[in-house]
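Next comes model-v6.tsv, a file with TSV, C-alpha atoms.
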```tsv
chain	number	residue	atom	x	y	z
A	6	MET	CA	3.71	29.79	15.68
A	7	LYS	CA	6.73	29.21	13.45
A	8	LYS	CA	10.04	27.85	14.66
A	9	GLU	CA	13.30	28.61	12.88
A	10	THR	CA	15.54	25.84	11.68
A	11	GLY	CA	18.89	27.08	10.41
A	12	PHE	CA	21.34	25.34	8.11
A	13	PHE	CA	24.81	26.67	8.88
A	14	PHE	CA	27.86	26.65	6.59
A	15	CYS	CA	30.79	28.90	7.45
A	16	LEU	CA	33.70	28.09	5.13
A	17	LEU	CA	34.00	26.50	1.72
A	18	VAL	CA	37.44	25.16	0.79
A	19	LEU	CA	38.23	25.09	-2.93
A	20	THR	CA	41.23	23.32	-4.44
A	21	LEU	CA	42.50	25.03	-7.59
A	22	VAL	CA	45.22	24.01	-10.05
A	23	SER	CA	47.54	26.77	-11.26
A	24	CYS	CA	49.20	27.00	-14.66
A	25	ASN	CA	52.32	25.27	-13.34
A	26	ASN	CA	50.19	22.44	-11.88
A	27	LYS	CA	50.64	23.59	-8.30
A	28	LYS	CA	47.61	23.08	-6.15
A	29	LEU	CA	46.32	26.18	-4.46
A	30	THR	CA	43.79	26.14	-1.64
A	31	GLU	CA	41.33	29.01	-1.45
A	32	VAL	CA	39.14	29.61	1.57
A	33	VAL	CA	35.90	31.30	0.63
A	34	GLU	CA	33.62	32.77	3.27
A	35	VAL	CA	29.98	31.78	2.80
A	36	PRO	CA	27.53	34.02	4.70
A	37	LEU	CA	25.14	32.47	7.18
A	38	PRO	CA	21.50	32.58	6.12
A	39	SER	CA	19.59	35.64	7.19
A	40	LYS	CA	16.66	35.38	9.56
A	41	GLU	CA	14.29	35.58	6.60
A	42	GLU	CA	16.14	32.80	4.77
A	43	LYS	CA	15.99	30.28	7.61
A	44	MET	CA	13.50	27.48	7.28
A	45	LEU	CA	10.32	28.04	9.22
A	46	ILE	CA	8.54	25.12	10.85
A	47	GLY	CA	4.93	25.76	11.79
A	48	SER	CA	2.53	24.19	14.27
A	49	PRO	CA	-0.02	21.46	13.50
A	50	ASP	CA	-2.54	23.50	15.49
A	51	ASP	CA	-2.53	26.04	12.66
A	52	VAL	CA	-3.75	23.51	10.09
A	53	LYS	CA	-7.50	23.37	9.50
A	54	ALA	CA	-9.45	21.47	6.86
A	55	ASP	CA	-12.22	23.17	4.93
A	56	GLU	CA	-15.72	22.69	6.31
A	57	GLY	CA	-17.03	19.20	5.69
A	58	THR	CA	-18.03	15.86	7.16
A	59	PHE	CA	-14.57	14.71	8.19
A	60	GLU	CA	-12.07	16.63	10.29
A	61	MET	CA	-8.34	16.14	10.52
A	62	VAL	CA	-7.08	14.09	13.43
A	63	LYS	CA	-5.33	16.48	15.78
A	64	LEU	CA	-1.59	15.93	16.04
A	65	PRO	CA	-0.95	16.09	19.82
A	66	PHE	CA	2.74	17.02	19.48
A	67	GLY	CA	4.90	19.40	17.47
A	68	TYR	CA	6.40	18.51	14.12
A	69	GLU	CA	9.86	18.30	15.67
A	70	ALA	CA	8.86	15.93	18.50
A	71	LEU	CA	9.75	12.71	16.66
A	72	ALA	CA	13.20	13.81	15.47
A	73	PRO	CA	15.63	12.36	14.58
A	74	ASN	CA	13.51	9.32	13.71
A	75	ILE	CA	11.07	11.41	11.67
A	76	ASP	CA	12.32	14.92	10.94
A	77	ALA	CA	10.30	18.08	11.47
A	78	LEU	CA	10.11	19.16	7.82
A	79	THR	CA	8.83	15.75	6.71
A	80	MET	CA	6.20	15.81	9.44
A	81	GLU	CA	5.06	19.30	8.49
A	82	LEU	CA	4.76	18.55	4.78
A	83	HIS	CA	3.12	15.20	5.45
A	84	TYR	CA	0.51	16.57	7.85
A	85	SER	CA	-0.15	20.09	6.59
A	86	LYS	CA	0.00	19.35	2.86
A	87	HIS	CA	-0.66	15.67	2.03
A	88	TYR	CA	-3.09	14.85	4.84
A	89	LEU	CA	-4.89	18.18	4.53
A	90	THR	CA	-5.36	17.63	0.79
A	91	TYR	CA	-6.80	14.14	1.25
A	92	THR	CA	-9.21	15.46	3.89
A	93	ASN	CA	-10.46	18.34	1.76
A	94	ASN	CA	-10.77	16.20	-1.37
A	95	LEU	CA	-12.70	13.50	0.51
A	96	ASN	CA	-15.18	16.03	1.85
A	97	LYS	CA	-15.71	17.45	-1.64
A	98	ALA	CA	-16.18	13.97	-3.12
A	99	ILE	CA	-18.94	12.94	-0.68
A	100	ALA	CA	-20.69	16.30	-0.26
A	101	GLY	CA	-24.41	15.94	-0.91
A	102	THR	CA	-24.27	12.14	-1.24
A	103	GLU	CA	-25.45	9.39	1.09
A	104	LEU	CA	-21.82	8.79	2.07
A	105	ASP	CA	-21.56	12.01	4.05
A	106	GLN	CA	-23.78	10.46	6.72
A	107	LEU	CA	-21.45	7.49	7.25
A	108	THR	CA	-18.32	6.88	9.30
A	109	ILE	CA	-15.07	6.70	7.37
A	110	GLU	CA	-14.94	2.93	7.97
A	111	GLU	CA	-18.41	2.57	6.44
A	112	VAL	CA	-17.40	4.72	3.48
A	113	LEU	CA	-14.37	2.51	2.81
A	114	LYS	CA	-16.35	-0.71	2.99
A	115	LYS	CA	-19.14	0.62	0.77
A	116	LEU	CA	-17.25	2.60	-1.88
A	117	ASP	CA	-16.92	1.43	-5.47
A	118	VAL	CA	-13.19	0.79	-5.97
A	119	SER	CA	-13.54	1.75	-9.63
A	120	ASN	CA	-14.18	5.31	-8.40
A	121	SER	CA	-10.50	6.22	-8.15
A	122	ASP	CA	-11.08	9.75	-6.84
A	123	LEU	CA	-13.14	8.61	-3.87
A	124	ARG	CA	-11.02	5.51	-3.31
A	125	ASN	CA	-7.73	7.45	-3.16
A	126	ASN	CA	-8.98	10.30	-1.00
A	127	ALA	CA	-11.04	8.22	1.43
A	128	GLY	CA	-8.11	5.84	1.78
A	129	GLY	CA	-5.64	8.68	2.15
A	130	TYR	CA	-7.74	10.25	4.88
A	131	TYR	CA	-8.28	7.04	6.86
A	132	ASN	CA	-4.74	5.71	6.45
A	133	HIS	CA	-3.09	8.92	7.61
A	134	SER	CA	-5.54	9.40	10.48
A	135	LEU	CA	-4.53	5.98	11.79
A	136	PHE	CA	-0.84	6.64	11.16
A	137	TRP	CA	-0.81	9.83	13.27
A	138	GLU	CA	-2.35	7.95	16.19
A	139	ASN	CA	0.21	5.15	15.81
A	140	ILE	CA	3.17	7.42	16.52
A	141	ALA	CA	4.21	9.52	19.50
A	142	PRO	CA	7.35	10.94	21.13
A	143	LYS	CA	8.99	8.93	23.91
A	144	SER	CA	7.40	5.74	22.62
A	145	GLY	CA	8.67	2.55	21.01
A	146	GLY	CA	9.68	-0.57	22.86
A	147	GLN	CA	7.29	-3.51	22.73
A	148	PRO	CA	3.56	-4.02	23.30
A	149	LYS	CA	2.26	-5.29	26.62
A	150	ASP	CA	-0.66	-7.23	28.07
A	151	SER	CA	-3.25	-8.78	25.73
A	152	LEU	CA	-1.70	-7.40	22.53
A	153	ALA	CA	1.67	-8.89	23.46
A	154	VAL	CA	-0.01	-12.24	24.16
A	155	ALA	CA	-1.80	-12.11	20.79
A	156	ILE	CA	1.43	-11.28	18.93
A	157	ASN	CA	3.23	-14.20	20.57
A	158	ARG	CA	0.29	-16.47	19.80
A	159	ASP	CA	-0.04	-15.55	16.12
A	160	PHE	CA	3.60	-14.91	15.18
A	161	GLY	CA	5.57	-16.91	17.72
A	162	SER	CA	7.41	-13.92	19.16
A	163	PHE	CA	7.68	-10.15	18.87
A	164	ASN	CA	10.89	-10.53	16.86
A	165	GLU	CA	9.12	-12.77	14.34
A	166	PHE	CA	6.27	-10.25	14.10
A	167	LYS	CA	8.84	-7.52	13.48
A	168	ASN	CA	10.58	-9.58	10.79
A	169	GLN	CA	7.32	-10.17	8.94
A	170	PHE	CA	6.15	-6.56	9.28
A	171	ASP	CA	9.55	-5.29	8.09
A	172	ASP	CA	9.33	-7.60	5.10
A	173	ALA	CA	5.85	-6.39	4.16
A	174	ALA	CA	6.93	-2.74	4.37
A	175	ALA	CA	10.24	-3.18	2.58
A	176	LYS	CA	8.86	-5.29	-0.28
A	177	GLN	CA	5.83	-3.10	-1.01
A	178	PHE	CA	6.72	-1.98	-4.51
A	179	GLY	CA	6.35	1.74	-4.97
A	180	SER	CA	3.92	3.72	-2.83
A	181	GLY	CA	1.77	2.01	-0.24
A	182	TRP	CA	1.30	0.84	3.33
A	183	ALA	CA	2.16	-2.03	5.67
A	184	TRP	CA	-0.55	-3.15	8.11
A	185	LEU	CA	-1.19	-5.18	11.23
A	186	VAL	CA	-4.85	-6.20	11.26
A	187	THR	CA	-7.26	-8.41	13.15
A	188	ASP	CA	-9.27	-10.68	10.88
A	189	LYS	CA	-12.84	-11.97	11.36
A	190	ALA	CA	-11.60	-14.81	13.56
A	191	GLY	CA	-9.69	-12.41	15.82
A	192	LYS	CA	-6.30	-13.50	14.50
A	193	LEU	CA	-3.57	-10.95	13.86
A	194	GLN	CA	-2.30	-10.79	10.30
A	195	ILE	CA	0.24	-8.69	8.41
A	196	THR	CA	-0.43	-7.37	4.93
A	197	SER	CA	0.45	-4.51	2.59
A	198	THR	CA	-1.52	-2.42	0.12
A	199	SER	CA	-0.68	-0.18	-2.81
A	200	ASN	CA	-1.22	3.57	-2.99
A	201	GLN	CA	-3.98	4.57	-0.52
A	202	ASP	CA	-5.79	1.22	-0.42
A	203	ASN	CA	-6.31	-0.49	2.92
A	204	PRO	CA	-7.63	-3.76	4.42
A	205	LEU	CA	-11.16	-2.38	4.87
A	206	MET	CA	-11.74	-2.09	1.13
A	207	SER	CA	-13.52	-4.77	-0.89
A	208	ASN	CA	-10.45	-5.35	-3.09
A	209	ALA	CA	-8.12	-6.15	-0.17
A	210	VAL	CA	-6.25	-9.46	-0.43
A	211	ILE	CA	-6.28	-9.78	3.36
A	212	LYS	CA	-9.27	-8.08	4.95
A	213	GLY	CA	-9.38	-7.02	8.57
A	214	THR	CA	-9.52	-4.18	11.06
A	215	PRO	CA	-6.26	-2.18	10.95
A	216	ILE	CA	-4.59	-1.56	14.30
A	217	LEU	CA	-1.12	-0.52	13.09
A	218	ALA	CA	-0.15	1.24	9.85
A	219	LEU	CA	3.19	2.25	8.37
A	220	ASP	CA	3.24	4.74	5.48
A	221	VAL	CA	5.89	3.75	2.92
A	222	TRP	CA	5.10	6.46	0.38
A	223	GLU	CA	8.30	8.36	-0.37
A	224	HIS	CA	6.81	11.59	0.99
A	225	ALA	CA	6.83	9.92	4.44
A	226	TYR	CA	10.59	9.46	4.58
A	227	TYR	CA	12.57	10.63	1.54
A	228	LEU	CA	13.81	13.98	2.87
A	229	ASN	CA	15.55	12.25	5.77
A	230	TYR	CA	16.34	8.78	4.43
A	231	GLN	CA	16.34	9.17	0.62
A	232	TYR	CA	16.22	5.68	-0.95
A	233	LYS	CA	17.03	3.91	2.34
A	234	ARG	CA	13.52	2.75	3.20
A	235	LYS	CA	14.84	0.06	5.55
A	236	LYS	CA	16.38	2.70	7.83
A	237	TYR	CA	13.05	4.50	7.97
A	238	ILE	CA	11.29	1.24	8.85
A	239	ASP	CA	13.79	0.63	11.66
A	240	ALA	CA	13.24	4.16	12.97
A	241	PHE	CA	9.46	3.65	12.97
A	242	TYR	CA	9.73	1.16	15.85
A	243	LYS	CA	11.23	3.90	18.02
A	244	VAL	CA	8.09	6.02	17.74
A	245	ILE	CA	5.27	3.42	17.71
A	246	ASN	CA	2.59	4.32	20.23
A	247	TRP	CA	1.92	0.76	21.43
A	248	LYS	CA	-0.60	1.99	23.97
A	249	LYS	CA	-2.83	3.31	21.17
A	250	VAL	CA	-2.27	0.19	19.07
A	251	ALA	CA	-3.36	-1.93	22.05
A	252	GLU	CA	-6.49	0.20	22.46
A	253	ARG	CA	-7.38	-0.40	18.82
A	254	TYR	CA	-6.80	-4.11	19.29
A	255	GLU	CA	-9.18	-4.23	22.26
A	256	GLU	CA	-11.82	-2.25	20.36
A	257	ALA	CA	-11.55	-4.62	17.40
A	258	MET	CA	-11.88	-7.67	19.62
A	259	ASN	CA	-14.84	-6.24	21.53
A	260	ALA	CA	-16.62	-5.49	18.26
A	261	LYS	CA	-16.56	-9.15	17.14
```

If you took the structure in this file and wrote it as structure tokens, what would it be?
Amino acid sequence: MKKETGFFFCLLVLTLVSCNNKKLTEVVEVPLPSKEEKMLIGSPDDVKADEGTFEMVKLPFGYEALAPNIDALTMELHYSKHYLTYTNNLNKAIAGTELDQLTIEEVLKKLDVSNSDLRNNAGGYYNHSLFWENIAPKSGGQPKDSLAVAINRDFGSFNEFKNQFDDAAAKQFGSGWAWLVTDKAGKLQITSTSNQDNPLMSNAVIKGTPILALDVWEHAYYLNYQYKRKKYIDAFYKVINWKKVAERYEEAMNAK
């Protein structure tokens, strides 16, 4: 189902200069957009990947649910265009190979990073799948219980964690991601990666199991924030689904 989002402008005031240098003000009526011209926002339930090994993670809320922190149009383009494309391309890349019998985590650990097509699409699929689960309406705040204890242990405080995570996201040059991961020793670490790389890949500087991901590609924020990435990073904390992040932390710890 499509929802209409209208952009309304009623009057345009023009200042003109006459031949005798007198300023004249002209009020011009600008018609409101017709019903057909209004922007239509769809539903994530309408988006389906082509048949293949991997399916898109279901978005359990509407595109508009995270506004104003993440606007509806950005969410729709991000989910129904970028994420869908990565999913379809990944399935095409692994069709008929031994990789289509593996989990996405196994694919990422096993892939040859010189294979840019597989690397970009497998990373794009995994990274976005984690990102969607990291965010939710009526979320934000701070983590609780064992995750909160671990953050205080490894960073000193939540504020220090936030400072370091902000720094990783803000200083990632060009497109990429900021991550909170658990390493082999069970310690929390912060890192960043370029493009669609992630800490599960063999080329990662800091390897670990991702539990929190922030997309800092321009397609994730530019419509709403333009070049102001820092404002987008600040807004991200208002929609972090800490309950899901904590679940991922517990799963990672139990797997060690």

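Minimum atom-to-atom distances from A:Ile216, A:Leu113, A:Ile46, A:Ala225 to A:Glu256 were compared using only C-alpha atoms, and the lowest value belongs to A:Ile216.
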
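Using all atoms listed in the file, the nearest neighbour of A:Trp182 within the list A:Asp220, A:Glu165, A:Asp122, A:Glu69 is A:Asp220.
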
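Take the candidates A:Thr214, A:Tyr230, A:Asn246, A:Gly128 and check each one against A:Asn259 using only C-alpha atoms; the shortest distance goes to A:Thr214.
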
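For the residues A:Pro49, A:Gly179, A:Gly145, A:Gly191, ranking by smallest atom-to-atom distance to A:Lys212 using only C-alpha atoms places A:Gly191 first.
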
Worksheet entry | Contact residues around A:Gln169 with only C-alpha atoms at 12 Å, ignoring same-chain residues under 2 positions, as JSON, numbers by chain | {"A": [156, 159, 160, 161, 162, 163, 164, 165, 166, 167, 171, 172, 173, 174, 175, 176, 183, 184, 185, 193, 194, 195, 196, 197]}

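Taking only C-alpha atoms into account, A:Ile109 lies nearest to A:Leu205 out of the set A:Leu152, A:Leu217, A:Ile75, A:Leu205.
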
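The residue that comes closest to A:Tyr84, out of A:Phe178, A:Ser144, A:His224, A:Gly213 and on the basis of all atoms listed in the file, is A:His224.
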
Response to the item:
atom CA of A:Pro204 to atom CA of A:Met258 measures 16.3 Å

Discussion item. Quick one: residues within 7 Å of A:Tyr68, only C-alpha atoms, excluding same-chain residues fewer than 6 positions away - as a VMD selection string?
Written reply: chain A and resid 48 77 80 to 81

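Counting from atom CA of A:Pro73, the distance to atom CA of A:Phe170 is 21.8 Å.
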
Practice prompt. Within 12 Å of A:Trp247, counting all atoms listed in the file, which residues show up once you throw out same-chain ones fewer than 5 positions away? Write them as a list in words, please.
Written response: Glu138, Asn139, Ile140, Ala141, Pro142, Lys143, Ser144, Gly145, Gly146, Gln147, Pro148, Lys149, Asp150, Ser151, Leu152, Ala153, Ile216, Leu217, Ala218, Phe241, Tyr242, Glu252, Arg253 and Tyr254 of chain A

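The shell of residues at most 9 Å from A:Thr92, with all atoms listed in the file counted and near chain neighbours (fewer than 2 positions) removed, consists of Ala54, Asp55, Gly57, Phe59, Glu60, Met61, His87, Tyr88, Leu89, Thr90, Asn94, Leu95, Asn96, Lys97, Asn126, Ala127, Gly129, Tyr130 and Tyr131 of chain A.
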